Amino acid sequence: MRKIAYREALREALREEMRRDATVFLLGEDIGRYWQGAFKVTKGLAEEFGDERVRDTPISESAIIGAAVGAAITGMRPVAEIMFGDLTSLAMDQIANQAAKIHYMFGGQAKVPLVIRTPFGAGVNIAAHHSQSLEAWFMHVPGMFVVVPSTPYDAKGLLKTAIRGSNPVFFCEHKLLYPLEGEVPQEEYTVPFGVADVKREGSDVTIVATLYMVHKALNAAEELEVEGISVEVVDPRTLVPLDKQAIIDSVKKTGRLVVVSEDCKTAGVSAEIAAVVAEEAIDYLDAPIKRVAEPDTPIPFSPPLEQYVIPSEKTIMKAVKEII
Amino acid sequence: MRKIAYREALREALREEMRRDATVFLLGEDIGRYWQGAFKVTKGLAEEFGDERVRDTPISESAIIGAAVGAAITGMRPVAEIMFGDLTSLAMDQIANQAAKIHYMFGGQAKVPLVIRTPFGAGVNIAAHHSQSLEAWFMHVPGMFVVVPSTPYDAKGLLKTAIRGSNPVFFCEHKLLYPLEGEVPQEEYTVPFGVADVKREGSDVTIVATLYMVHKALNAAEELEVEGISVEVVDPRTLVPLDKQAIIDSVKKTGRLVVVSEDCKTAGVSAEIAAVVAEEAIDYLDAPIKRVAEPDTPIPFSPPLEQYVIPSEKTIMKAVKEII
Amino acid sequence: MIAEETRKLPLNLSKEKNIDLYRKMLEIRCFEEKVFELYAQNLVPGTIHLYTGEEAVAVGVCGNLRKDDYITSTHRGHGHCIAKGAQPKRVMAEILGKKTGYCKGKGGSMHIADFKVGMLGATAVVGAGLPIAMGAGLSIKLRRTDNVVACFFGDGASNQGTFHEAINMAAVWKLPVIFVCENNVYAMGTRQSTVMLVKNVADRAVAYGIPGVAVDGNDVLAVYEAAQKAVEMARKGEGPTLIECKTYRHKGHSRIDPAKYRPKEEVEDWLRNDPIKRFKERLLETNVVMEAEIQQIERKVSAEIEEAAKFAMESSYPAAEEALQDVYA
Amino acid sequence: MIAEETRKLPLNLSKEKNIDLYRKMLEIRCFEEKVFELYAQNLVPGTIHLYTGEEAVAVGVCGNLRKDDYITSTHRGHGHCIAKGAQPKRVMAEILGKKTGYCKGKGGSMHIADFKVGMLGATAVVGAGLPIAMGAGLSIKLRRTDNVVACFFGDGASNQGTFHEAINMAAVWKLPVIFVCENNVYAMGTRQSTVMLVKNVADRAVAYGIPGVAVDGNDVLAVYEAAQKAVEMARKGEGPTLIECKTYRHKGHSRIDPAKYRPKEEVEDWLRNDPIKRFKERLLETNVVMEAEIQQIERKVSAEIEEAAKFAMESSYPAAEEALQDVYA
Ligand SMILES: Cc1ncc(C[n+]2csc(CCOP(=O)(O)OP(=O)(O)O)c2C)c(N)n1
Ligand SMILES: Cc1ncc(C[n+]2csc(CCOP(=O)(O)OP(=O)(O)O)c2C)c(N)n1
Ligand SMILES: [Mg+2]
Ligand SMILES: [Mg+2]
């Protein structure tokens, strides 16, 4: 099968959905013809669809999301880009109180079919305001789906599902994933929400990981195999809805769970996944659950500091060995 | 000992610290002489300390926190009030990216001694934009302390600690607690951060609860005692730092854990506490961990709907019985 | 307060239109008084923010709108709903938390919406409606219809960052939005003149390169006229206008507020300046309507609101488990 | 671009002051060129936003500040640091991620601070510095000192809600803040004229009832003069000013940006309009300094920056575990 990069997979999803449905449009800072998106996801789209549908905005994150909300409840399907995930903090009211709650507050009268795309993640030395992973904030907001694709295939399929749905979707990308290549079929497909993907089968321990951490988990799994430890890597692909069953099934099989996520440990993604298992599948566990996450610090700038706080193959392997 | 209401305890803390330290000042919407705070916490303070130090602001949440940050890093000790916890979403960048990260980003050069006070909680039929409990968002922000007092005693002692400290403190209050009376000594005291309080001793099951849920847990415990179940109620009092040891010690004793918190279940306070125990004390557990929290919905307006989603004595008792 | 001399004769409006405006204002007034009464009887959960005294704003603006035009609203939104054509009985039912309310009891007083008449809902986050209205304007532009959006917000909201961001975007993109600031002098206990140095919120339009007008918000025709111009502009694709309506709330901010921060004379002046009384006098003076007609309208409106209250009171509460519905579409 | 006729003779400044301004601008220019060079050698982690071409703004403003006055800065902050008196070598070390940097390598190019000289730090969230600067102004007022704060931000930042909220609060409370908009025509690839309808960011001051002035930001004396007036006002407790400095960045937005969105003639015009070149010519024309003195300054500055780079390069990286320090004070 042909291989394309994650950013191209996202772009294909946008292009195909925009061709299919005239109500789909994009807005965000510098996504248009002059800059083509900070990570070039929207490259070429303004040329094809025009500046109206690939809309550059002023630097006004709150109004960007508000614009998407207003458009969504009146018949459009906006896809808003927030240039860096850290900056969603500027639009938190529009995201959490407006976009996510409107359907409920108004008793189901309005649909809010909007997608917010944004890149999270550290690793490129751009420090505390451009490197965070904040998925957990959005998981804690009822009324919104939270999507975390780790491969080009998932990225394209999930983004198409997101755009076609009737609900607000918080679509998390990862800076280091954009150039990553992977197989993506030419033919039309979508990936449903709430269905995890077992990225590697194994029998001794389950690693649940998301986004870039899936790849680190896979690397760690390979190294551990050499040492005779068989690791299953489960990628939930969407955090809300969460495919609890897939996680529990895997834990039933392995009896051991390591949750790997790049965000700060306290009250992060890994806390929720650990809690689900502690609540619903504790009897299958033969060892404590391990969380591998960023220690609770802002992301530092200097390369040795930054590398120290990002979960690595090494820290993942260490965690696995601690419970084997 | 004399009894005073939670809101008076808070007021006393503010008053005493303002008398003690001229750099302490308050700012927020309608906290001054005309309105005296939406929940009357600041009543009488403008009269004593003047409008400069008890400062009414325009409706500009982001600038309120920004003002506090700028003042804190230049020698003042601001206490900012955000009228409803839901509205912190408007100031999320200033809270999470500026206030919490400045000390770290700048390599320890600056201290950011500020307190953000805000009420959370449902129960008074003011619907989706005025009833949330969002502590978990702030637990997930490194560099900030998160305080959750459940009694007048704790409220006063913790607020004094917060104001005297050198770090940003996110100080959560609860609407239904304001009128609650409790013993508060006349004499000066403070309550340290990171020290849980066992609000009731018991041997069969541990309930960890915060804010208003402490009282529901205590009620449930009393009813359960009648049925022969001995419940220990642990109140962490601060979520960051979290007194893990106290929670683990209690679980060691009881072998069972129910975590009760009023926020939405997914990625909420209860997830973190459950995860800590699943990670560090799973061997002491004789049963699955239970989380009692708001189901993942916005807070509805109508009384029967609202009551349905708020954790109650009944849902707490049910959870306890499920693991006994 | 706007001086007497700005009083004008009725515009060049049909008798029906004049009566319509009067009737709508009265409907809102009666409605709010009924809400107040029910609140006093402990039948209204939560809090309420009454529109009493500000009726000319919603009615003057919405009088220019078509059913398929949109509005966005605030915590003080009952008047907006009714002015845009929502049924009082279903608004009342929502305020009482009943299943027959527009939001099935999920929203309540601060979150009413009626999408069927283009009422896109009230937000209780001060200032949050401006970007949403702007987005509805963008949607209109992208869908190439000739609708417009009227966005109501308070003086207090004009200090929020969203005011700046949303109006700027609407201006730059020439969106069909009418930003209507209901300047009722106070935001809770805070006088607008203590939190803004310029005289008029409308003066801020300059910063966005769009027209800004301040009008007597207690003169329904003045509001109507200003809105008419703005709506025309918007429909023609010539972009947004900021209209500031100077008005006053007769009651406290919310039910619990005795509003002691307001000087007595100020309150009295404004009560004398009641928009409904003023318009009625004008209609009578200019012989547009006769006293008998007015009385007939008053009776009809009053009966209708009684009906609405009855409907709401007799409706049942939603079943508790409905709380779990409508989280996702 | 600001026309030739606005060129003025040096103000009534001492020779030392003139030289000081020139020297500082040159220092920034050399510094940035060095950063650029090191970046090309892969010695600078992350990204960089150079101040090249905008030196007159930071220098003209900071030339009016005392050491105990404050500034706040942005992602494009190297020039602000140096203008306020931070040591180039420690700024450079920070940019390289070294332990000897002002923030021990934790901040990097986008988060430099030097509290000892009143440089309250750069934020990389566009517009986030305005409320913080306002808060520092509030602190000054409450502590009753006569300091002032200069708040630097870009044209792009002027569309953020924080611009509105912070300037309004500073205006209402008469805080000693000078809001300095560095209008370099673009925010990344976005021309300011496409995201704002008014001609000048300074025109927005009207909305807050404070003075707003637009000046030639490539004329260090014009900036100096405008800032001087604003600083005087602020020190006297007469409140904030919004100064817009029209300028241009010589390079792309960040290191990776080829800046193809800029018309060639525009770039050439602005390169001809180089603030350092202009000031040098003026100093020479008016005989304030002689060519030989200039050359001496140039040599000294160049040597000093070489020294700074050497210091930074020779410094060691922080130990990995230091990442866990400084989370709490
Ligand atoms: C963002 C935000 N801040 C504060 C509040 C609390 N609050 C509710 S109404 C109100 C006053 C609003 O004043 P204004 O905009 O003038 O509208 P009015 O009530 O006068 O109609 C405030 C502060 C809120 N709901 N939202
Ligand atoms: C709130 C926010 N939005 C977007 C970005 C990404 N970004 C970084 S710099 C920049 C452009 C800023 O333009 P301007 O304010 O004019 O400053 P300049 O770079 O021109 O100096 C953008 C959009 C950011 N860092 N913060
Ligand atoms: Mg008002
Ligand atoms: Mg710029």
# chains A, B, ... in the order shown; residues from 1 in each chain; ligands from 1
>>> interface_residues(of="chain B", to="chain D", cutoff="6 Å", atoms="only C-alpha atoms", output="list of chain:residue names")
B:Ser60, B:Ala63, B:Gly66, B:Ala67, B:Ala68, B:Val69, B:Gly70, B:Ala71, B:Tyr104, B:Met105, B:Phe106, B:Gly107, B:Gly108, B:Gly143, B:Ser166
>>> closest_atom_pairs(of="chain A", to="chain B", cutoff="6 Å", atoms="only C-alpha atoms", output="tab-separated table")
residue	atom	partner	partner_atom	distance
A:Ser89	CA	B:Asp93	CA	4.8
A:Leu90	CA	B:Asp93	CA	5.4
A:Met92	CA	B:Ser89	CA	5.0
A:Asp93	CA	B:Ser89	CA	4.8
A:Trp137	CA	B:Trp137	CA	5.6
A:His140	CA	B:Ala267	CA	5.2
A:Pro142	CA	B:Asp296	CA	5.1
A:Thr266	CA	B:His140	CA	5.4
A:Ala267	CA	B:Glu272	CA	4.9
A:Ala271	CA	B:Glu272	CA	5.1
A:Glu272	CA	B:Ala267	CA	4.9
A:Ala274	CA	B:Ala275	CA	5.3
A:Ala275	CA	B:Ala275	CA	5.1
A:Ala278	CA	B:Ile289	CA	5.7
A:Glu279	CA	B:Ile289	CA	4.8
A:Ile282	CA	B:Pro288	CA	5.7
A:Pro288	CA	B:Glu279	CA	5.1
A:Ile289	CA	B:Glu279	CA	4.8
A:Lys290	CA	B:Glu279	CA	5.7
A:Asp296	CA	B:Pro142	CA	5.1
A:Thr297	CA	B:Pro142	CA	5.2
>>> residues_around(residues="Ile126 (chain A)", least_positions_apart="5", cutoff="7 Å", atoms="only C-alpha atoms", output="short mmCIF file (atom, residue, chain, number, x, y, z; two decimals) with all heavy atoms, in the first residue's frame")
data_model
loop_
_atom_site.label_atom_id
_atom_site.label_comp_id
_atom_site.auth_asym_id
_atom_site.auth_seq_id
_atom_site.Cartn_x
_atom_site.Cartn_y
_atom_site.Cartn_z
N SER A 131 4.60 23.25 24.11
CA SER A 131 4.99 21.84 24.15
C SER A 131 4.07 20.94 24.96
O SER A 131 4.34 19.76 25.10
CB SER A 131 6.40 21.73 24.76
OG SER A 131 7.31 22.54 24.07
N PHE A 301 13.13 24.15 28.30
CA PHE A 301 13.64 24.41 26.96
C PHE A 301 14.87 23.57 26.59
O PHE A 301 14.91 22.93 25.55
CB PHE A 301 13.99 25.90 26.85
CG PHE A 301 14.87 26.24 25.69
CD1 PHE A 301 14.38 26.18 24.39
CD2 PHE A 301 16.20 26.61 25.88
CE1 PHE A 301 15.20 26.49 23.30
CE2 PHE A 301 17.02 26.92 24.80
CZ PHE A 301 16.52 26.87 23.52
N GLY D 46 15.51 24.58 19.11
CA GLY D 46 14.18 25.19 18.97
C GLY D 46 14.10 26.18 17.84
O GLY D 46 14.70 25.99 16.78
N THR D 47 13.38 27.24 18.07
CA THR D 47 13.21 28.24 17.02
C THR D 47 13.70 29.59 17.52
O THR D 47 14.01 29.74 18.71
CB THR D 47 11.73 28.33 16.58
OG1 THR D 47 11.65 29.17 15.42
CG2 THR D 47 10.86 28.93 17.68
#
>>> select_by_dssp(residues="region 86-242 of chain C", states="strand (DSSP E or B)", output="ChimeraX atom specification")
/C:114,119-122,149-154,177-183,186-187,190-191,212-216,241-242
>>> write_last_selection(atoms="N, CA, C and O atoms", output="JSON list (two decimals), in the first residue's frame")
[["chain", "number", "residue", "atom", "x", "y", "z"],
["C", 114, "ASP", "N", -34.55, 29.02, 21.21],
["C", 114, "ASP", "CA", -35.62, 28.51, 20.35],
["C", 114, "ASP", "C", -35.11, 28.59, 18.92],
["C", 114, "ASP", "O", -35.30, 29.60, 18.23],
["C", 119, "MET", "N", -33.63, 31.96, 17.46],
["C", 119, "MET", "CA", -33.06, 32.39, 18.75],
["C", 119, "MET", "C", -32.01, 31.34, 19.11],
["C", 119, "MET", "O", -32.34, 30.22, 19.52],
["C", 120, "LEU", "N", -30.74, 31.71, 18.92],
["C", 120, "LEU", "CA", -29.64, 30.74, 19.03],
["C", 120, "LEU", "C", -29.20, 30.48, 20.45],
["C", 120, "LEU", "O", -28.21, 29.81, 20.69],
["C", 121, "GLY", "N", -29.93, 31.05, 21.38],
["C", 121, "GLY", "CA", -29.66, 30.68, 22.76],
["C", 121, "GLY", "C", -28.97, 31.75, 23.56],
["C", 121, "GLY", "O", -28.30, 32.63, 23.06],
["C", 122, "ALA", "N", -29.18, 31.61, 24.86],
["C", 122, "ALA", "CA", -28.58, 32.52, 25.83],
["C", 122, "ALA", "C", -27.38, 31.83, 26.43],
["C", 122, "ALA", "O", -27.41, 30.65, 26.72],
["C", 149, "VAL", "N", -27.72, 38.66, 11.93],
["C", 149, "VAL", "CA", -27.70, 38.23, 13.32],
["C", 149, "VAL", "C", -27.72, 39.46, 14.21],
["C", 149, "VAL", "O", -26.94, 40.39, 13.98],
["C", 150, "ALA", "N", -28.57, 39.47, 15.21],
["C", 150, "ALA", "CA", -28.48, 40.52, 16.23],
["C", 150, "ALA", "C", -27.93, 39.89, 17.50],
["C", 150, "ALA", "O", -28.42, 38.86, 17.96],
["C", 151, "CYS", "N", -26.91, 40.51, 18.03],
["C", 151, "CYS", "CA", -26.22, 39.98, 19.20],
["C", 151, "CYS", "C", -26.44, 40.91, 20.38],
["C", 151, "CYS", "O", -25.94, 42.03, 20.39],
["C", 152, "PHE", "N", -27.18, 40.45, 21.36],
["C", 152, "PHE", "CA", -27.42, 41.28, 22.55],
["C", 152, "PHE", "C", -26.35, 41.01, 23.61],
["C", 152, "PHE", "O", -25.97, 39.87, 23.84],
["C", 153, "PHE", "N", -25.91, 42.06, 24.25],
["C", 153, "PHE", "CA", -24.97, 41.90, 25.37],
["C", 153, "PHE", "C", -25.02, 43.16, 26.23],
["C", 153, "PHE", "O", -25.51, 44.20, 25.79],
["C", 154, "GLY", "N", -24.52, 43.05, 27.43],
["C", 154, "GLY", "CA", -24.61, 44.16, 28.38],
["C", 154, "GLY", "C", -23.41, 45.09, 28.33],
["C", 154, "GLY", "O", -22.41, 44.83, 27.67],
["C", 177, "VAL", "N", -23.72, 41.25, 11.18],
["C", 177, "VAL", "CA", -24.03, 41.15, 12.60],
["C", 177, "VAL", "C", -24.34, 42.54, 13.15],
["C", 177, "VAL", "O", -23.64, 43.50, 12.84],
["C", 178, "ILE", "N", -25.38, 42.63, 13.94],
["C", 178, "ILE", "CA", -25.67, 43.87, 14.65],
["C", 178, "ILE", "C", -25.36, 43.62, 16.11],
["C", 178, "ILE", "O", -26.01, 42.81, 16.77],
["C", 179, "PHE", "N", -24.34, 44.29, 16.60],
["C", 179, "PHE", "CA", -23.95, 44.14, 17.99],
["C", 179, "PHE", "C", -24.74, 45.14, 18.81],
["C", 179, "PHE", "O", -24.57, 46.36, 18.64],
["C", 180, "VAL", "N", -25.61, 44.64, 19.67],
["C", 180, "VAL", "CA", -26.50, 45.51, 20.42],
["C", 180, "VAL", "C", -26.11, 45.52, 21.90],
["C", 180, "VAL", "O", -26.34, 44.55, 22.62],
["C", 181, "CYS", "N", -25.50, 46.61, 22.31],
["C", 181, "CYS", "CA", -25.13, 46.72, 23.72],
["C", 181, "CYS", "C", -26.30, 47.30, 24.51],
["C", 181, "CYS", "O", -26.74, 48.41, 24.26],
["C", 182, "GLU", "N", -26.76, 46.53, 25.46],
["C", 182, "GLU", "CA", -27.82, 47.02, 26.34],
["C", 182, "GLU", "C", -27.15, 47.67, 27.54],
["C", 182, "GLU", "O", -26.82, 46.98, 28.51],
["C", 183, "ASN", "N", -26.91, 48.93, 27.43],
["C", 183, "ASN", "CA", -26.23, 49.63, 28.54],
["C", 183, "ASN", "C", -27.26, 50.07, 29.57],
["C", 183, "ASN", "O", -27.90, 51.11, 29.44],
["C", 186, "TYR", "N", -25.42, 49.54, 34.85],
["C", 186, "TYR", "CA", -24.72, 48.69, 35.82],
["C", 186, "TYR", "C", -24.45, 47.28, 35.30],
["C", 186, "TYR", "O", -25.23, 46.74, 34.50],
["C", 187, "ALA", "N", -23.37, 46.72, 35.79],
["C", 187, "ALA", "CA", -23.14, 45.28, 35.69],
["C", 187, "ALA", "C", -23.11, 44.83, 37.14],
["C", 187, "ALA", "O", -22.21, 45.17, 37.90],
["C", 190, "THR", "N", -21.71, 47.23, 39.68],
["C", 190, "THR", "CA", -20.63, 48.06, 39.12],
["C", 190, "THR", "C", -21.15, 49.02, 38.06],
["C", 190, "THR", "O", -21.64, 48.59, 37.02],
["C", 191, "ARG", "N", -21.00, 50.30, 38.32],
["C", 191, "ARG", "CA", -21.38, 51.30, 37.32],
["C", 191, "ARG", "C", -20.43, 51.24, 36.15],
["C", 191, "ARG", "O", -19.21, 51.24, 36.32],
["C", 212, "GLY", "N", -20.74, 53.13, 14.92],
["C", 212, "GLY", "CA", -21.18, 52.96, 16.29],
["C", 212, "GLY", "C", -22.19, 54.04, 16.61],
["C", 212, "GLY", "O", -21.94, 55.22, 16.36],
["C", 213, "VAL", "N", -23.35, 53.64, 17.12],
["C", 213, "VAL", "CA", -24.35, 54.65, 17.47],
["C", 213, "VAL", "C", -24.89, 54.39, 18.86],
["C", 213, "VAL", "O", -25.13, 53.25, 19.24],
["C", 214, "ALA", "N", -25.07, 55.48, 19.59],
["C", 214, "ALA", "CA", -25.69, 55.37, 20.91],
["C", 214, "ALA", "C", -27.10, 55.93, 20.79],
["C", 214, "ALA", "O", -27.28, 57.03, 20.27],
["C", 215, "VAL", "N", -28.06, 55.17, 21.22],
["C", 215, "VAL", "CA", -29.45, 55.65, 21.12],
["C", 215, "VAL", "C", -30.16, 55.55, 22.45],
["C", 215, "VAL", "O", -29.74, 54.83, 23.35],
["C", 216, "ASP", "N", -31.23, 56.29, 22.54],
["C", 216, "ASP", "CA", -32.12, 56.22, 23.69],
["C", 216, "ASP", "C", -32.77, 54.84, 23.68],
["C", 216, "ASP", "O", -33.67, 54.57, 22.89],
["C", 241, "THR", "N", -22.58, 46.70, 12.66],
["C", 241, "THR", "CA", -22.76, 47.98, 13.35],
["C", 241, "THR", "C", -22.78, 47.68, 14.85],
["C", 241, "THR", "O", -23.24, 46.62, 15.26],
["C", 242, "LEU", "N", -22.29, 48.63, 15.60],
["C", 242, "LEU", "CA", -22.41, 48.54, 17.06],
["C", 242, "LEU", "C", -23.44, 49.56, 17.51],
["C", 242, "LEU", "O", -23.26, 50.76, 17.31]]
>>> residues_around(residues="Val231 (chain C)", least_positions_apart="4", cutoff="7 Å", atoms="only C-alpha atoms", output="list in words")
Val148, Ile178, Ala227 and Arg235 of chain C
>>> residues_near_ligand(ligand="ligand 4", cutoff="12 Å", atoms="only C-alpha atoms and all ligand atoms", output="number ranges by chain")
A: 58-59; D: 49-51, 54, 74-76, 126-127, 152-159, 181-193, 195, 201, 244-254
>>> closest_residue(among="D:Val198, D:Met233, D:Ala309, D:Ala320", to="chain C", atoms="only C-alpha atoms")
D:Val198
>>> closest_residue(among="D:Lys277, D:Arg282, D:Lys264, D:Asn200", to="chain C", atoms="only C-alpha atoms")
D:Asn200
>>> closest_residue(among="D:Ala308, D:Leu221, D:Leu197, D:Ile276", to="chain C", atoms="only C-alpha atoms")
D:Leu197
>>> residues_around(residues="Thr23 (chain A)", least_positions_apart="4", cutoff="8 Å", atoms="only C-alpha atoms", output="PyMOL selection string")
(chain A and resi 18+75-78) or (chain C and resi 143)
>>> closest_residue(among="D:Ala202, D:Ile95, D:Leu21, D:Leu65", to="chain C", atoms="only C-alpha atoms")
D:Ala202
>>> residues_around(residues="Leu158 (chain A)", least_positions_apart="6", cutoff="7 Å", atoms="only C-alpha atoms", output="JSON, numbers by chain")
{"A": [190, 191, 192]}
